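K.L.:
Enclosed is the structure file data03.pdb (PDB, C-alpha atoms, pLDDT in the B column).
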```
ATOM      1  CA  MET A 849      89.712  26.775  83.899  1.00 40.00           C
ATOM      2  CA  ARG A 850      90.407  23.063  84.180  1.00 43.00           C
ATOM      3  CA  MET A 851      87.709  20.967  82.546  1.00 44.00           C
ATOM      4  CA  GLN A 852      86.972  17.635  84.178  1.00 47.00           C
ATOM      5  CA  ALA A 853      86.105  14.874  81.735  1.00 51.00           C
ATOM      6  CA  LEU A 854      83.379  12.426  82.679  1.00 56.00           C
ATOM      7  CA  SER A 855      81.893   9.433  80.998  1.00 68.00           C
ATOM      8  CA  GLY A 856      78.861  10.548  79.171  1.00 76.00           C
ATOM      9  CA  PRO A 857      77.838  12.928  77.828  1.00 93.00           C
ATOM     10  CA  HIS A 858      75.197  13.968  80.346  1.00 95.00           C
ATOM     11  CA  ARG A 859      72.103  16.026  79.502  1.00 96.00           C
ATOM     12  CA  ALA A 860      71.757  19.272  81.419  1.00 98.00           C
ATOM     13  CA  VAL A 861      69.124  21.981  81.332  1.00 98.00           C
ATOM     14  CA  LEU A 862      70.288  25.561  81.836  1.00 98.00           C
ATOM     15  CA  ALA A 863      67.983  28.533  82.407  1.00 98.00           C
ATOM     16  CA  LEU A 864      69.148  31.924  81.143  1.00 98.00           C
ATOM     17  CA  GLY A 865      67.842  35.296  82.246  1.00 95.00           C
ATOM     18  CA  SER A 866      68.700  38.957  81.741  1.00 94.00           C
ATOM     19  CA  ASN A 867      67.016  42.219  82.689  1.00 92.00           C
ATOM     20  CA  LEU A 868      69.815  44.756  82.212  1.00 91.00           C
ATOM     21  CA  GLY A 869      71.520  45.981  79.045  1.00 92.00           C
ATOM     22  CA  ASN A 870      70.711  44.435  75.681  1.00 95.00           C
ATOM     23  CA  ARG A 871      68.847  41.472  77.124  1.00 95.00           C
ATOM     24  CA  ARG A 872      68.459  39.471  73.902  1.00 97.00           C
ATOM     25  CA  ASP A 873      72.126  39.922  73.021  1.00 96.00           C
ATOM     26  CA  ASN A 874      73.119  38.926  76.548  1.00 96.00           C
ATOM     27  CA  LEU A 875      71.193  35.657  76.224  1.00 97.00           C
ATOM     28  CA  GLN A 876      72.557  34.959  72.747  1.00 97.00           C
ATOM     29  CA  GLY A 877      76.063  35.739  73.957  1.00 96.00           C
ATOM     30  CA  ALA A 878      75.640  33.268  76.820  1.00 97.00           C
ATOM     31  CA  ILE A 879      74.449  30.581  74.396  1.00 98.00           C
ATOM     32  CA  ASP A 880      77.437  31.227  72.142  1.00 97.00           C
ATOM     33  CA  ALA A 881      79.883  31.217  75.078  1.00 96.00           C
ATOM     34  CA  LEU A 882      78.495  27.932  76.389  1.00 98.00           C
ATOM     35  CA  ALA A 883      78.736  26.407  72.907  1.00 97.00           C
ATOM     36  CA  ASP A 884      82.369  27.558  72.644  1.00 96.00           C
ATOM     37  CA  THR A 885      83.230  25.635  75.820  1.00 96.00           C
ATOM     38  CA  PRO A 886      85.088  22.351  75.338  1.00 95.00           C
ATOM     39  CA  GLY A 887      82.916  19.570  76.737  1.00 95.00           C
ATOM     40  CA  ILE A 888      79.584  21.344  76.160  1.00 97.00           C
ATOM     41  CA  ARG A 889      77.323  20.943  73.149  1.00 97.00           C
ATOM     42  CA  VAL A 890      74.229  23.158  72.979  1.00 98.00           C
ATOM     43  CA  ASN A 891      71.513  21.050  71.342  1.00 97.00           C
ATOM     44  CA  VAL A 892      68.295  23.019  71.764  1.00 98.00           C
ATOM     45  CA  VAL A 893      67.506  26.682  72.411  1.00 98.00           C
ATOM     46  CA  SER A 894      64.006  27.500  73.599  1.00 98.00           C
ATOM     47  CA  PRO A 895      61.915  30.402  72.404  1.00 98.00           C
ATOM     48  CA  LEU A 896      62.496  33.632  74.293  1.00 98.00           C
ATOM     49  CA  TYR A 897      60.066  34.729  76.993  1.00 98.00           C
ATOM     50  CA  VAL A 898      59.584  38.170  78.512  1.00 96.00           C
ATOM     51  CA  THR A 899      58.678  37.926  82.182  1.00 92.00           C
ATOM     52  CA  GLU A 900      58.099  40.075  85.197  1.00 87.00           C
ATOM     53  CA  ALA A 901      60.761  39.965  87.904  1.00 83.00           C
ATOM     54  CA  VAL A 902      60.040  37.412  90.640  1.00 76.00           C
ATOM     55  CA  GLY A 903      61.211  38.058  94.189  1.00 69.00           C
ATOM     56  CA  GLY A 904      63.833  40.641  94.964  1.00 63.00           C
ATOM     57  CA  PRO A 905      63.415  44.386  94.809  1.00 66.00           C
ATOM     58  CA  GLU A 906      60.410  45.976  93.142  1.00 71.00           C
ATOM     59  CA  ASP A 907      60.576  48.157  90.036  1.00 76.00           C
ATOM     60  CA  GLN A 908      63.010  45.957  88.095  1.00 82.00           C
ATOM     61  CA  PRO A 909      62.960  45.864  84.302  1.00 89.00           C
ATOM     62  CA  GLU A 910      61.314  42.826  82.724  1.00 92.00           C
ATOM     63  CA  TYR A 911      63.463  39.758  82.204  1.00 92.00           C
ATOM     64  CA  PHE A 912      64.206  37.973  79.002  1.00 97.00           C
ATOM     65  CA  ASN A 913      64.305  34.235  79.754  1.00 97.00           C
ATOM     66  CA  ALA A 914      65.194  31.115  77.789  1.00 98.00           C
ATOM     67  CA  VAL A 915      66.310  27.551  78.389  1.00 98.00           C
ATOM     68  CA  VAL A 916      69.050  25.607  76.642  1.00 98.00           C
ATOM     69  CA  LEU A 917      69.464  21.840  76.552  1.00 98.00           C
ATOM     70  CA  VAL A 918      73.078  20.765  76.496  1.00 98.00           C
ATOM     71  CA  ASP A 919      75.082  17.586  76.458  1.00 97.00           C
ATOM     72  CA  THR A 920      78.206  17.874  78.561  1.00 96.00           C
ATOM     73  CA  PHE A 921      81.215  15.914  79.650  1.00 94.00           C
ATOM     74  CA  LEU A 922      81.796  18.430  82.476  1.00 95.00           C
ATOM     75  CA  SER A 923      80.936  17.506  86.045  1.00 93.00           C
ATOM     76  CA  PRO A 924      78.076  19.473  87.615  1.00 95.00           C
ATOM     77  CA  GLU A 925      80.615  21.498  89.596  1.00 94.00           C
ATOM     78  CA  MET A 926      82.617  22.348  86.478  1.00 94.00           C
ATOM     79  CA  LEU A 927      79.433  23.235  84.604  1.00 96.00           C
ATOM     80  CA  LEU A 928      78.537  25.618  87.437  1.00 95.00           C
ATOM     81  CA  GLU A 929      82.030  27.109  87.288  1.00 95.00           C
ATOM     82  CA  ARG A 930      81.606  27.701  83.553  1.00 97.00           C
ATOM     83  CA  ALA A 931      78.117  29.187  84.050  1.00 96.00           C
ATOM     84  CA  ASN A 932      79.547  31.619  86.617  1.00 93.00           C
ATOM     85  CA  ALA A 933      82.405  32.551  84.263  1.00 94.00           C
ATOM     86  CA  VAL A 934      79.908  33.293  81.486  1.00 95.00           C
ATOM     87  CA  GLU A 935      77.916  35.502  83.873  1.00 92.00           C
ATOM     88  CA  GLU A 936      81.091  37.360  84.828  1.00 89.00           C
ATOM     89  CA  ALA A 937      81.978  37.883  81.160  1.00 90.00           C
ATOM     90  CA  PHE A 938      78.697  39.808  80.883  1.00 82.00           C
ATOM     91  CA  GLN A 939      79.529  41.927  83.965  1.00 77.00           C
ATOM     92  CA  ARG A 940      77.143  40.129  86.297  1.00 63.00           C
ATOM     93  CA  VAL A 941      77.309  41.874  89.670  1.00 63.00           C
ATOM     94  CA  ARG A 942      76.027  40.077  92.769  1.00 59.00           C
ATOM     95  CA  THR A 943      75.152  42.928  95.128  1.00 60.00           C
ATOM     96  CA  GLU A 944      71.480  42.242  95.840  1.00 60.00           C
ATOM     97  CA  HIS A 945      69.758  38.860  96.224  1.00 56.00           C
ATOM     98  CA  TRP A 946      67.406  38.414  93.248  1.00 57.00           C
ATOM     99  CA  GLY A 947      68.353  41.896  92.094  1.00 60.00           C
ATOM    100  CA  PRO A 948      68.640  43.088  88.491  1.00 79.00           C
ATOM    101  CA  ARG A 949      71.367  41.439  86.431  1.00 82.00           C
ATOM    102  CA  THR A 950      72.901  41.457  83.000  1.00 86.00           C
ATOM    103  CA  LEU A 951      72.944  37.672  82.943  1.00 93.00           C
ATOM    104  CA  ASP A 952      71.895  34.729  85.063  1.00 92.00           C
ATOM    105  CA  VAL A 953      72.796  31.141  84.122  1.00 96.00           C
ATOM    106  CA  ASP A 954      71.245  28.482  86.364  1.00 94.00           C
ATOM    107  CA  ILE A 955      71.611  24.715  86.209  1.00 97.00           C
ATOM    108  CA  ILE A 956      68.068  23.355  86.417  1.00 98.00           C
ATOM    109  CA  VAL A 957      68.856  19.654  86.005  1.00 97.00           C
ATOM    110  CA  TYR A 958      71.965  17.612  85.372  1.00 96.00           C
ATOM    111  CA  ALA A 959      71.122  14.112  84.101  1.00 94.00           C
ATOM    112  CA  ASP A 960      69.218  12.396  86.912  1.00 90.00           C
ATOM    113  CA  LYS A 961      71.529  13.754  89.617  1.00 91.00           C
ATOM    114  CA  VAL A 962      69.982  14.926  92.873  1.00 91.00           C
ATOM    115  CA  SER A 963      72.110  16.965  95.273  1.00 89.00           C
ATOM    116  CA  ASP A 964      71.240  19.173  98.226  1.00 90.00           C
ATOM    117  CA  ASP A 965      74.719  20.691  98.422  1.00 88.00           C
ATOM    118  CA  PRO A 966      74.189  24.389  99.304  1.00 85.00           C
ATOM    119  CA  HIS A 967      76.799  25.363  96.691  1.00 87.00           C
ATOM    120  CA  LEU A 968      74.980  23.487  93.907  1.00 92.00           C
ATOM    121  CA  THR A 969      71.489  22.151  94.532  1.00 92.00           C
ATOM    122  CA  ILE A 970      70.253  19.892  91.717  1.00 93.00           C
ATOM    123  CA  PRO A 971      67.576  19.989  90.534  1.00 95.00           C
ATOM    124  CA  HIS A 972      67.196  23.726  91.004  1.00 93.00           C
ATOM    125  CA  PRO A 973      65.197  24.094  94.237  1.00 92.00           C
ATOM    126  CA  ARG A 974      62.578  26.497  92.849  1.00 93.00           C
ATOM    127  CA  ALA A 975      62.304  25.361  89.230  1.00 96.00           C
ATOM    128  CA  HIS A 976      59.015  23.546  89.881  1.00 96.00           C
ATOM    129  CA  GLU A 977      57.319  26.800  90.895  1.00 95.00           C
ATOM    130  CA  ARG A 978      58.673  29.113  88.191  1.00 95.00           C
ATOM    131  CA  ALA A 979      56.710  29.472  84.978  1.00 97.00           C
ATOM    132  CA  PHE A 980      59.551  31.523  83.481  1.00 96.00           C
ATOM    133  CA  VAL A 981      61.717  28.373  83.663  1.00 97.00           C
ATOM    134  CA  LEU A 982      59.113  25.722  82.923  1.00 98.00           C
ATOM    135  CA  ALA A 983      57.449  27.408  79.920  1.00 98.00           C
ATOM    136  CA  PRO A 984      60.604  27.707  77.791  1.00 98.00           C
ATOM    137  CA  TRP A 985      61.775  24.285  78.995  1.00 98.00           C
ATOM    138  CA  VAL A 986      58.528  22.618  77.907  1.00 98.00           C
ATOM    139  CA  ASP A 987      58.814  24.385  74.549  1.00 98.00           C
ATOM    140  CA  ALA A 988      62.344  23.015  74.168  1.00 98.00           C
ATOM    141  CA  ASP A 989      61.489  19.522  75.450  1.00 98.00           C
ATOM    142  CA  PRO A 990      57.773  18.696  75.794  1.00 98.00           C
ATOM    143  CA  ALA A 991      58.595  15.399  77.566  1.00 97.00           C
ATOM    144  CA  ALA A 992      60.883  17.052  80.152  1.00 97.00           C
ATOM    145  CA  GLU A 993      60.964  15.622  83.670  1.00 96.00           C
ATOM    146  CA  LEU A 994      62.052  17.476  86.794  1.00 96.00           C
ATOM    147  CA  PRO A 995      63.522  14.863  89.166  1.00 95.00           C
ATOM    148  CA  GLY A 996      61.476  14.586  92.337  1.00 93.00           C
ATOM    149  CA  HIS A 997      58.629  16.686  90.924  1.00 95.00           C
ATOM    150  CA  GLY A 998      57.370  15.031  87.728  1.00 96.00           C
ATOM    151  CA  ARG A 999      56.684  16.186  84.200  1.00 98.00           C
ATOM    152  CA  ALA A1000      57.555  19.825  83.562  1.00 98.00           C
ATOM    153  CA  ALA A1001      54.381  20.268  81.487  1.00 98.00           C
ATOM    154  CA  ASP A1002      52.218  19.078  84.410  1.00 98.00           C
ATOM    155  CA  LEU A1003      54.032  21.407  86.793  1.00 98.00           C
ATOM    156  CA  LEU A1004      53.577  24.311  84.378  1.00 98.00           C
ATOM    157  CA  ALA A1005      49.845  23.593  84.051  1.00 97.00           C
ATOM    158  CA  LYS A1006      49.465  24.274  87.793  1.00 97.00           C
ATOM    159  CA  LEU A1007      51.109  27.717  87.590  1.00 96.00           C
ATOM    160  CA  SER A1008      49.865  31.098  86.502  1.00 94.00           C
ATOM    161  CA  MET A1009      51.251  32.386  83.215  1.00 95.00           C
ATOM    162  CA  ALA A1010      50.478  35.988  84.186  1.00 93.00           C
ATOM    163  CA  GLY A1011      53.494  38.105  83.290  1.00 91.00           C
ATOM    164  CA  VAL A1012      55.115  35.307  81.252  1.00 95.00           C
ATOM    165  CA  VAL A1013      54.884  36.032  77.510  1.00 97.00           C
ATOM    166  CA  ARG A1014      56.475  34.076  74.670  1.00 98.00           C
ATOM    167  CA  ARG A1015      58.078  36.418  72.122  1.00 97.00           C
ATOM    168  CA  ASP A1016      58.498  34.678  68.768  1.00 96.00           C
ATOM    169  CA  ASP A1017      59.634  37.979  67.220  1.00 96.00           C
ATOM    170  CA  LEU A1018      62.809  37.901  69.383  1.00 95.00           C
ATOM    171  CA  GLU A1019      64.644  34.824  68.183  1.00 94.00           C
ATOM    172  CA  LEU A1020      67.575  33.110  69.821  1.00 97.00           C
ATOM    173  CA  ARG A1021      69.585  30.718  67.672  1.00 95.00           C
ATOM    174  CA  LEU A1022      71.723  27.661  68.007  1.00 95.00           C
ATOM    175  CA  PRO A1023      75.394  28.491  67.485  1.00 89.00           C
ATOM    176  CA  GLU A1024      76.790  27.546  64.092  1.00 80.00           C
TER     177      GLU A1024
END
```
Translate this file's structure into structure tokens.

P.N.:
Amino acid sequence: MRMQALSGPHRAVLALGSNLGNRRDNLQGAIDALADTPGIRVNVVSPLYVTEAVGGPEDQPEYFNAVVLVDTFLSPEMLLERANAVEEAFQRVRTEHWGPRTLDVDIIVYADKVSDDPHLTIPHPRAHERAFVLAPWVDADPAAELPGHGRAADLLAKLSMAGVVRRDDLELRLPE
């Protein structure tokens, strides 16, 4: 993969999710793989949340979710390419929209960039309505702002936390 250098670094927020296999290990593996990428520095890892599946088919296993804050010299497109490669390394299969998956890595925000490109919409088009994204993000960065929507904490306060449980006994760590 060719990494595109930019001036910067730029702050990005990535949401991680897994509901197949060893979910905690999948998330930790994604964090480690992102940290091993030239041009990406993982600065903050949120607490882990266990959440019910949203959308998609019924009767899915619960998700493990977390958010990481990174500084990157990669362009948004290259960051997406790396996120997809990390998913593939964990055997992510895209057969069913919002179906079960070993790993999901979504770009929630990239600096203050706003893009409605269908290949990469920034900020993530549904982040403002997803407690499983906002709760770990607010834990990781209480002052977080979602461009076009406002403070993440204010957005979270408007949402139900039913089915979204912080699990402090299941720790994720910053890579060494």

K.L.:
State, in Å with one decimal place, the distance from CA of Pro984 (chain A) to CA of Glu935 (chain A).

P.N.:
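One can read the CA of Pro984 (chain A) to CA of Glu935 (chain A) distance as 19.9 Å.
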
K.L.:
Could you check how far CA of Leu1004 (chain A) sits from CA of His976 (chain A), in Å to one decimal?

P.N.:
7.8 Å

K.L.:
Considering all atoms listed in the file, state which residue in the set A:Asp987, A:Glu977, A:Glu1019, A:Glu925 is at the smallest distance from Ser963 (chain A).

P.N.:
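Looking at the shortest contact to Ser963 (chain A), the residue is A:Glu925.
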
K.L.:
Between CA of Leu968 (chain A) and CA of Leu928 (chain A), what distance in Å does the model show, to one decimal?

P.N.:
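Separation of CA of Leu968 (chain A) and CA of Leu928 (chain A): 7.7 Å.
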
K.L.:
Would you kindly return, as a list in words, each protein, DNA or RNA residue with an atom no farther than 10 Å from any atom of Thr969 (chain A), considering only C-alpha atoms and excluding same-chain residues fewer than 3 positions away?

P.N.:
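Result of the neighbour search: Pro924, Ile955, Ile956, Val957, Lys961, Val962, Ser963, Asp964, Asp965, Pro966, His972 and Pro973 of chain A.
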
K.L.:
Let's have the selection written as an mmCIF file, in the coordinates of the input, with C-alpha atoms.

P.N.:
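Contents of selection_18.cif, freshly written:
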```cif
data_model
loop_
_atom_site.group_PDB
_atom_site.id
_atom_site.type_symbol
_atom_site.label_atom_id
_atom_site.label_comp_id
_atom_site.auth_asym_id
_atom_site.auth_seq_id
_atom_site.Cartn_x
_atom_site.Cartn_y
_atom_site.Cartn_z
ATOM 1 C CA PRO A 924 78.076 19.473 87.615
ATOM 2 C CA ILE A 955 71.611 24.715 86.209
ATOM 3 C CA ILE A 956 68.068 23.355 86.417
ATOM 4 C CA VAL A 957 68.856 19.654 86.005
ATOM 5 C CA LYS A 961 71.529 13.754 89.617
ATOM 6 C CA VAL A 962 69.982 14.926 92.873
ATOM 7 C CA SER A 963 72.110 16.965 95.273
ATOM 8 C CA ASP A 964 71.240 19.173 98.226
ATOM 9 C CA ASP A 965 74.719 20.691 98.422
ATOM 10 C CA PRO A 966 74.189 24.389 99.304
ATOM 11 C CA HIS A 972 67.196 23.726 91.004
ATOM 12 C CA PRO A 973 65.197 24.094 94.237
#
```

K.L.:
Please identify every residue of region 951-1005 of chain A that has at least one atom no farther than 8 Å from an atom of region 855-877 of chain A, counting all atoms listed in the file, and for each give the shortest atom pair and the distance in Å to one decimal, arranged by chain then increasing number, as JSON lines.

P.N.:
```
{"residue": "A:Leu951", "atom": "CA", "partner": "A:Ser866", "partner_atom": "CA", "distance": 4.6}
{"residue": "A:Asp952", "atom": "CA", "partner": "A:Gly865", "partner_atom": "CA", "distance": 5.0}
{"residue": "A:Val953", "atom": "CA", "partner": "A:Leu864", "partner_atom": "CA", "distance": 4.8}
{"residue": "A:Asp954", "atom": "CA", "partner": "A:Ala863", "partner_atom": "CA", "distance": 5.1}
{"residue": "A:Ile955", "atom": "CA", "partner": "A:Leu862", "partner_atom": "CA", "distance": 4.6}
{"residue": "A:Ile956", "atom": "CA", "partner": "A:Val861", "partner_atom": "CA", "distance": 5.4}
{"residue": "A:Val957", "atom": "CA", "partner": "A:Val861", "partner_atom": "CA", "distance": 5.2}
{"residue": "A:Tyr958", "atom": "CA", "partner": "A:Ala860", "partner_atom": "CA", "distance": 4.3}
{"residue": "A:Ala959", "atom": "CA", "partner": "A:Arg859", "partner_atom": "CA", "distance": 5.1}
{"residue": "A:Val981", "atom": "CA", "partner": "A:Ala863", "partner_atom": "CA", "distance": 6.4}
```

K.L.:
Which residues are near Val986 (chain A)? Cut-off 9 Å, only C-alpha atoms, ignore same chain within fewer than 6 positions. Put them as a list in words.

P.N.:
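My list of contacting residues is Ser894, Ala992, Ala1000, Ala1001 and Leu1004 of chain A.
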
K.L.:
Which residue, A:Leu1020, A:Ala931, A:Ala1010, A:Val915, has the smallest gap to Ala975 (chain A) when you use all atoms listed in the file?

P.N.:
A:Val915

K.L.:
Report as CSV the residues of region 910-939 of chain A within 12 Å of region 896-901 of chain A, each with its shortest atom pair and distance in Å (one decimal), using all atoms listed in the file, ordered by chain and increasing residue number.

P.N.:
```
residue,atom,partner,partner_atom,distance
A:Glu910,CA,A:Glu900,CA,4.9
A:Tyr911,CA,A:Thr899,CA,5.1
A:Phe912,CA,A:Val898,CA,4.7
A:Asn913,CA,A:Tyr897,CA,5.1
A:Ala914,CA,A:Leu896,CA,5.1
A:Val915,CA,A:Leu896,CA,8.3
A:Val916,CA,A:Leu896,CA,10.6
```

K.L.:
Quick one: of A:Ala979, A:Leu922, A:Leu927, A:Ile970, who's nearest to Ala1005 (chain A), counting all atoms listed in the file?

P.N.:
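Among the listed residues, the smallest separation from Ala1005 (chain A) belongs to A:Ala979.
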
K.L.:
So what does the PyMOL selection byres ((chain A and resi 936) around 12) actually pick up in this one, as a VMD selection string?

P.N.:
chain A and resid 874 878 881 929 to 935 937 to 942 949 to 953

K.L.:
Next, write the just-selected residues to a file, as a PDB file, in the frame of the given file, keeping C-alpha atoms as the atom set.

P.N.:
```
ATOM      1  CA  ASN A 874      73.119  38.926  76.548  1.00 96.00           C
ATOM      2  CA  ALA A 878      75.640  33.268  76.820  1.00 97.00           C
ATOM      3  CA  ALA A 881      79.883  31.217  75.078  1.00 96.00           C
ATOM      4  CA  GLU A 929      82.030  27.109  87.288  1.00 95.00           C
ATOM      5  CA  ARG A 930      81.606  27.701  83.553  1.00 97.00           C
ATOM      6  CA  ALA A 931      78.117  29.187  84.050  1.00 96.00           C
ATOM      7  CA  ASN A 932      79.547  31.619  86.617  1.00 93.00           C
ATOM      8  CA  ALA A 933      82.405  32.551  84.263  1.00 94.00           C
ATOM      9  CA  VAL A 934      79.908  33.293  81.486  1.00 95.00           C
ATOM     10  CA  GLU A 935      77.916  35.502  83.873  1.00 92.00           C
ATOM     11  CA  ALA A 937      81.978  37.883  81.160  1.00 90.00           C
ATOM     12  CA  PHE A 938      78.697  39.808  80.883  1.00 82.00           C
ATOM     13  CA  GLN A 939      79.529  41.927  83.965  1.00 77.00           C
ATOM     14  CA  ARG A 940      77.143  40.129  86.297  1.00 63.00           C
ATOM     15  CA  VAL A 941      77.309  41.874  89.670  1.00 63.00           C
ATOM     16  CA  ARG A 942      76.027  40.077  92.769  1.00 59.00           C
ATOM     17  CA  ARG A 949      71.367  41.439  86.431  1.00 82.00           C
ATOM     18  CA  THR A 950      72.901  41.457  83.000  1.00 86.00           C
ATOM     19  CA  LEU A 951      72.944  37.672  82.943  1.00 93.00           C
ATOM     20  CA  ASP A 952      71.895  34.729  85.063  1.00 92.00           C
ATOM     21  CA  VAL A 953      72.796  31.141  84.122  1.00 96.00           C
TER      22      VAL A 953
END
```

K.L.:
May I have the protein, DNA and RNA residues with an atom at most 7 Å from (84.8, 20.5, 76.6), counting all atoms listed in the file in the file's coordinates, returned as a PyMOL selection string?

P.N.:
chain A and resi 851+885-888+921-922

K.L.:
Step by step, gather every atom of region 971-988 of chain A that the file lists, find the box along x, y and z that holds them, add 6 Å on each side, and finally give centre and edge lengths in Å to one decimal, as lines of an AutoDock Vina configuration file.

P.N.:
```
center_x = 62.1
center_y = 25.8
center_z = 84.2
size_x = 22.9
size_y = 23.5
size_z = 32.1
```

K.L.:
Compare A:Phe980, A:Glu906, A:Asp960, A:Val892 by their minimum atom-to-atom distance to Leu1003 (chain A), counting all atoms listed in the file, and give me the closest one.

P.N.:
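Nearest to Leu1003 (chain A): A:Phe980.
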
K.L.:
Choose the residue, out of A:Pro971, A:Pro895, A:Pro909, A:Pro1023, that has the smallest atom-to-atom separation from Asp880 (chain A); count only C-alpha atoms.

P.N.:
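When distances to Asp880 (chain A) are compared using only C-alpha atoms, the smallest one comes from A:Pro1023.
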
K.L.:
Which residue, A:Ala983, A:Gly1011, A:Leu917, A:Val902, has the smallest gap to Leu882 (chain A) when you use only C-alpha atoms?

P.N.:
A:Leu917
